[in-house]
Amino acid sequence: MFEIAEPHPLSLNADPDILNDMDSDLHGVKRFYPADSLKSPRFTGPYTFARLPHSRELEVLDAVFVGVPFDGGVVFRPGARFGPSAVRQASLLLRLYNPYLKVKPFDVLNVADYGDVVVAPSSIEGTYQRISDEFNKILREDVSPIVCGGDHSITLPILREVSVKYGKIHVIHIDAHLDMVDSHFSQKYTHGTVFRRALEEDLIETEGSVHIGIRGSLFSERELSEALDLGFKVFTMTNVEEKGLEAICREIKAALSGKNTYLSLDIDACDPSCAPGTGTPEIGGFTPREILKLIHGLSGLNIVACDLVEVSPPYDHGEITAFLAANLIFEMLSLVALRSCAKK
Ligand SMILES: [Mn+2]
């Protein structure tokens with residue numbers, strides 16, 4: 001069984017009269033809440049994540065949802081530039097309480113939708129500069145970014161800024177792929193090279209860092225062993241099947257307890273039957289129940305920032321990928337909220 005924390009008193013302390021007001025005042029502190037869907041229908045805009053207010057007032061915020069609509073790093077199917085808008089749209093049904101993790105994230109954290117980074121669609125270098133500038137601002141104000149991509153190449157400049165703030169960072173990388181290729185078509189910066197570049201730039205503390213969900217055909221018989229040589233622990237889907245998620249989560253938690261950790265979730269970790277809208281689908285992935293179990297199994301870790309990447313709406317069907325992604329981002333936000341509870 002997982003150890004899931006009892007509700008923290010801070011997670012349950014909102015005044016019910018002001019709960020849900022978009023821009024309330026609680027004991028003189030400006031508070032942000034999702035719009036009340038009992039007062040205004042969910043499909044009335046503007047469309048922000050979970051119907052939160054749009055704000056860049058970093059000085060009063062604890063966490064922000066940030067869209068990074070860039071897909072210039074893909075090597076196969078594009079479309080992830082439309083990920084943030086589809087995820088916002090699919091997030092309109094999110095409510096206030098997380099019963100799995102027993103936390104009300106919007107009571108614990110002042111959260112707003114920061115809007116999108118203004119990327120440069122034709123330039124990965126230009127986009128990286130803009131991502132760095134924006135995340136430098138966010139992190140400098142002690143605000144936790146909850147990021148929605150975009151393809152996986154956006155994670156590198158975010159990791160650069162996270163390591164400026166926290167030093168070398170531990171990474172939990174949930175993905176069908178290792179994303180440790182040296183280059184694609186002689187290009188060093190793609191969505192498949194991101195963790196190799198991050199290691200070369202000395203951004204990641206490899207001891208305790210993990211790739212989980214790895215599966216599918218590989219570039220060579222050495223790809224997996226080379227990744228292991230670079231220092232991450234690897235849990236393939238076969239390992240998941242044999243060991244079980246509970247044992248794996250226990251192992252990850254034992255290694256990363258108390259350590260500053262970045263959580264990066266590529267939606268292609270999930271099976272194409274429940275997440276078809278992505279750039280590089282691989283069969284045999286996590287079901288929604290399994291990915292929830294994995295995320296809940298990480299509760300209690302010191303997650304300082306996180307991303308969910310590679311949602312490609314043009315390849316989605318009936319918004320199923322976007323709905324899955326929106327809900328997984330709510331779970332990740334809840335992990336960040338629990339970290340904040342533990343610190344108070
Ligand atoms: Mn990836």
# chains A, B, ... in the order shown; residues from 1 in each chain; ligands from 1

call {"tool": "residues_near_ligand", "arguments": {"ligand": "ligand 1", "cutoff": "7 Å", "atoms": "only C-alpha atoms and all ligand atoms", "output": "VMD selection string"}}
result
chain A and resid 152 175 177 179 191 to 192 266

call {"tool": "select_by_dssp", "arguments": {"residues": "range 22-245 of chain A", "states": "helix (DSSP H, G or I)", "output": "ChimeraX atom specification"}}
result
/A:49-51,58-60,80-90,105-108,124-140,152-166,194-200,223-229,237-243,245

call {"tool": "atom_distance", "arguments": {"atom1": "CA of Asn110 in chain A", "atom2": "CA of Ser264 in chain A"}}
result
22.0 Å

call {"tool": "residues_around", "arguments": {"residues": "Ile169 in chain A", "least_positions_apart": "3", "cutoff": "12 Å", "atoms": "only C-alpha atoms", "output": "PDB file with N, CA and C atoms, in the first residue's frame"}}
result
ATOM      1  N   ILE A 158      14.240  24.884 -19.207  1.00  0.00           N
ATOM      2  CA  ILE A 158      13.614  24.956 -17.876  1.00  0.00           C
ATOM      3  C   ILE A 158      14.562  24.356 -16.839  1.00  0.00           C
ATOM      4  N   LEU A 159      15.154  23.196 -17.181  1.00  0.00           N
ATOM      5  CA  LEU A 159      16.112  22.570 -16.254  1.00  0.00           C
ATOM      6  C   LEU A 159      17.307  23.489 -15.985  1.00  0.00           C
ATOM      7  N   ARG A 160      17.717  24.231 -17.018  1.00  0.00           N
ATOM      8  CA  ARG A 160      18.831  25.177 -16.813  1.00  0.00           C
ATOM      9  C   ARG A 160      18.473  26.178 -15.721  1.00  0.00           C
ATOM     10  N   GLU A 161      17.270  26.732 -15.804  1.00  0.00           N
ATOM     11  CA  GLU A 161      16.871  27.749 -14.821  1.00  0.00           C
ATOM     12  C   GLU A 161      16.589  27.123 -13.455  1.00  0.00           C
ATOM     13  N   VAL A 162      16.035  25.913 -13.458  1.00  0.00           N
ATOM     14  CA  VAL A 162      15.794  25.218 -12.184  1.00  0.00           C
ATOM     15  C   VAL A 162      17.131  24.959 -11.492  1.00  0.00           C
ATOM     16  N   SER A 163      18.155  24.617 -12.270  1.00  0.00           N
ATOM     17  CA  SER A 163      19.454  24.341 -11.640  1.00  0.00           C
ATOM     18  C   SER A 163      20.142  25.636 -11.193  1.00  0.00           C
ATOM     19  N   VAL A 164      19.834  26.755 -11.861  1.00  0.00           N
ATOM     20  CA  VAL A 164      20.342  28.046 -11.365  1.00  0.00           C
ATOM     21  C   VAL A 164      19.750  28.304  -9.969  1.00  0.00           C
ATOM     22  N   LYS A 165      18.467  27.974  -9.827  1.00  0.00           N
ATOM     23  CA  LYS A 165      17.768  28.245  -8.567  1.00  0.00           C
ATOM     24  C   LYS A 165      18.157  27.240  -7.471  1.00  0.00           C
ATOM     25  N   TYR A 166      18.177  25.944  -7.819  1.00  0.00           N
ATOM     26  CA  TYR A 166      18.302  24.903  -6.784  1.00  0.00           C
ATOM     27  C   TYR A 166      19.626  24.152  -6.822  1.00  0.00           C
ATOM     28  N   ILE A 172      12.798  12.893 -12.087  1.00  0.00           N
ATOM     29  CA  ILE A 172      11.966  11.712 -12.347  1.00  0.00           C
ATOM     30  C   ILE A 172      11.390  11.921 -13.737  1.00  0.00           C
ATOM     31  N   ALA A 198      21.173  17.799 -20.988  1.00  0.00           N
ATOM     32  CA  ALA A 198      21.101  18.255 -19.585  1.00  0.00           C
ATOM     33  C   ALA A 198      22.225  17.638 -18.754  1.00  0.00           C
ATOM     34  N   LEU A 199      22.568  16.373 -19.060  1.00  0.00           N
ATOM     35  CA  LEU A 199      23.688  15.739 -18.344  1.00  0.00           C
ATOM     36  C   LEU A 199      25.007  16.391 -18.737  1.00  0.00           C
ATOM     37  N   GLU A 201      25.470  19.346 -19.656  1.00  0.00           N
ATOM     38  CA  GLU A 201      25.528  20.692 -19.062  1.00  0.00           C
ATOM     39  C   GLU A 201      25.572  20.638 -17.537  1.00  0.00           C
ATOM     40  N   ASP A 202      25.612  19.391 -17.005  1.00  0.00           N
ATOM     41  CA  ASP A 202      25.773  19.203 -15.562  1.00  0.00           C
ATOM     42  C   ASP A 202      24.611  19.794 -14.757  1.00  0.00           C
ATOM     43  N   LEU A 203      23.406  19.656 -15.299  1.00  0.00           N
ATOM     44  CA  LEU A 203      22.224  20.206 -14.625  1.00  0.00           C
ATOM     45  C   LEU A 203      21.589  19.200 -13.673  1.00  0.00           C
ATOM     46  N   ILE A 204      21.903  17.890 -13.892  1.00  0.00           N
ATOM     47  CA  ILE A 204      21.155  16.836 -13.204  1.00  0.00           C
ATOM     48  C   ILE A 204      22.051  16.067 -12.232  1.00  0.00           C
ATOM     49  N   GLU A 205      21.508  15.817 -11.053  1.00  0.00           N
ATOM     50  CA  GLU A 205      22.148  14.905 -10.094  1.00  0.00           C
ATOM     51  C   GLU A 205      21.671  13.499 -10.461  1.00  0.00           C
ATOM     52  N   THR A 206      22.558  12.687 -11.000  1.00  0.00           N
ATOM     53  CA  THR A 206      22.104  11.399 -11.552  1.00  0.00           C
ATOM     54  C   THR A 206      21.782  10.376 -10.462  1.00  0.00           C
ATOM     55  N   GLU A 207      22.446  10.471  -9.317  1.00  0.00           N
ATOM     56  CA  GLU A 207      22.216   9.510  -8.236  1.00  0.00           C
ATOM     57  C   GLU A 207      20.759   9.625  -7.758  1.00  0.00           C
ATOM     58  N   GLY A 208      19.970   8.597  -8.021  1.00  0.00           N
ATOM     59  CA  GLY A 208      18.561   8.618  -7.614  1.00  0.00           C
ATOM     60  C   GLY A 208      17.621   9.059  -8.730  1.00  0.00           C
ATOM     61  N   SER A 209      18.157   9.687  -9.793  1.00  0.00           N
ATOM     62  CA  SER A 209      17.293  10.100 -10.908  1.00  0.00           C
ATOM     63  C   SER A 209      16.862   8.869 -11.702  1.00  0.00           C
ATOM     64  N   VAL A 210      15.660   8.924 -12.259  1.00  0.00           N
ATOM     65  CA  VAL A 210      15.125   7.734 -12.938  1.00  0.00           C
ATOM     66  C   VAL A 210      14.411   8.077 -14.248  1.00  0.00           C
ATOM     67  N   LEU A 256      15.083   9.458  -3.207  1.00  0.00           N
ATOM     68  CA  LEU A 256      14.941  10.901  -3.448  1.00  0.00           C
ATOM     69  C   LEU A 256      14.335  11.664  -2.264  1.00  0.00           C
ATOM     70  N   GLY A 258      13.488  14.012   0.449  1.00  0.00           N
ATOM     71  CA  GLY A 258      14.066  15.283   0.895  1.00  0.00           C
ATOM     72  C   GLY A 258      14.894  16.008  -0.158  1.00  0.00           C
ATOM     73  N   LYS A 259      15.078  15.393  -1.322  1.00  0.00           N
ATOM     74  CA  LYS A 259      15.936  16.003  -2.349  1.00  0.00           C
ATOM     75  C   LYS A 259      15.088  16.864  -3.306  1.00  0.00           C
ATOM     76  N   ASN A 260      15.638  17.973  -3.742  1.00  0.00           N
ATOM     77  CA  ASN A 260      14.941  18.800  -4.734  1.00  0.00           C
ATOM     78  C   ASN A 260      14.814  18.012  -6.036  1.00  0.00           C
ATOM     79  N   THR A 261      13.574  17.863  -6.485  1.00  0.00           N
ATOM     80  CA  THR A 261      13.310  16.959  -7.604  1.00  0.00           C
ATOM     81  C   THR A 261      12.435  17.639  -8.651  1.00  0.00           C
ATOM     82  N   TYR A 262      12.763  17.379  -9.917  1.00  0.00           N
ATOM     83  CA  TYR A 262      11.976  17.858 -11.053  1.00  0.00           C
ATOM     84  C   TYR A 262      11.254  16.660 -11.646  1.00  0.00           C
ATOM     85  N   LEU A 263       9.952  16.791 -11.856  1.00  0.00           N
ATOM     86  CA  LEU A 263       9.152  15.702 -12.426  1.00  0.00           C
ATOM     87  C   LEU A 263       8.794  16.063 -13.860  1.00  0.00           C
ATOM     88  N   ASN A 302       9.985  16.013  -2.656  1.00  0.00           N
ATOM     89  CA  ASN A 302      10.162  17.459  -2.713  1.00  0.00           C
ATOM     90  C   ASN A 302      10.179  17.916  -4.184  1.00  0.00           C
ATOM     91  N   ILE A 303       8.985  17.902  -4.799  1.00  0.00           N
ATOM     92  CA  ILE A 303       8.872  18.261  -6.218  1.00  0.00           C
ATOM     93  C   ILE A 303       8.843  19.784  -6.317  1.00  0.00           C
ATOM     94  N   VAL A 304       9.889  20.374  -6.881  1.00  0.00           N
ATOM     95  CA  VAL A 304       9.985  21.839  -6.919  1.00  0.00           C
ATOM     96  C   VAL A 304       9.387  22.424  -8.191  1.00  0.00           C
ATOM     97  N   ALA A 305       9.286  21.613  -9.242  1.00  0.00           N
ATOM     98  CA  ALA A 305       8.710  22.070 -10.511  1.00  0.00           C
ATOM     99  C   ALA A 305       8.398  20.825 -11.324  1.00  0.00           C
ATOM    100  N   CYS A 306       7.510  20.968 -12.301  1.00  0.00           N
ATOM    101  CA  CYS A 306       7.178  19.793 -13.108  1.00  0.00           C
ATOM    102  C   CYS A 306       6.668  20.214 -14.475  1.00  0.00           C
TER     103      CYS A 306
END

call {"tool": "residues_around", "arguments": {"residues": "Asp151 in chain A", "least_positions_apart": "2", "cutoff": "8 Å", "atoms": "only C-alpha atoms", "output": "list in words"}}
result
Phe70, Asp71, Gly72, Gly73, Val74, Ala80, Arg81, Gly149, Ser153, Ile154, His191, Val309, Glu310 and Val311 of chain A
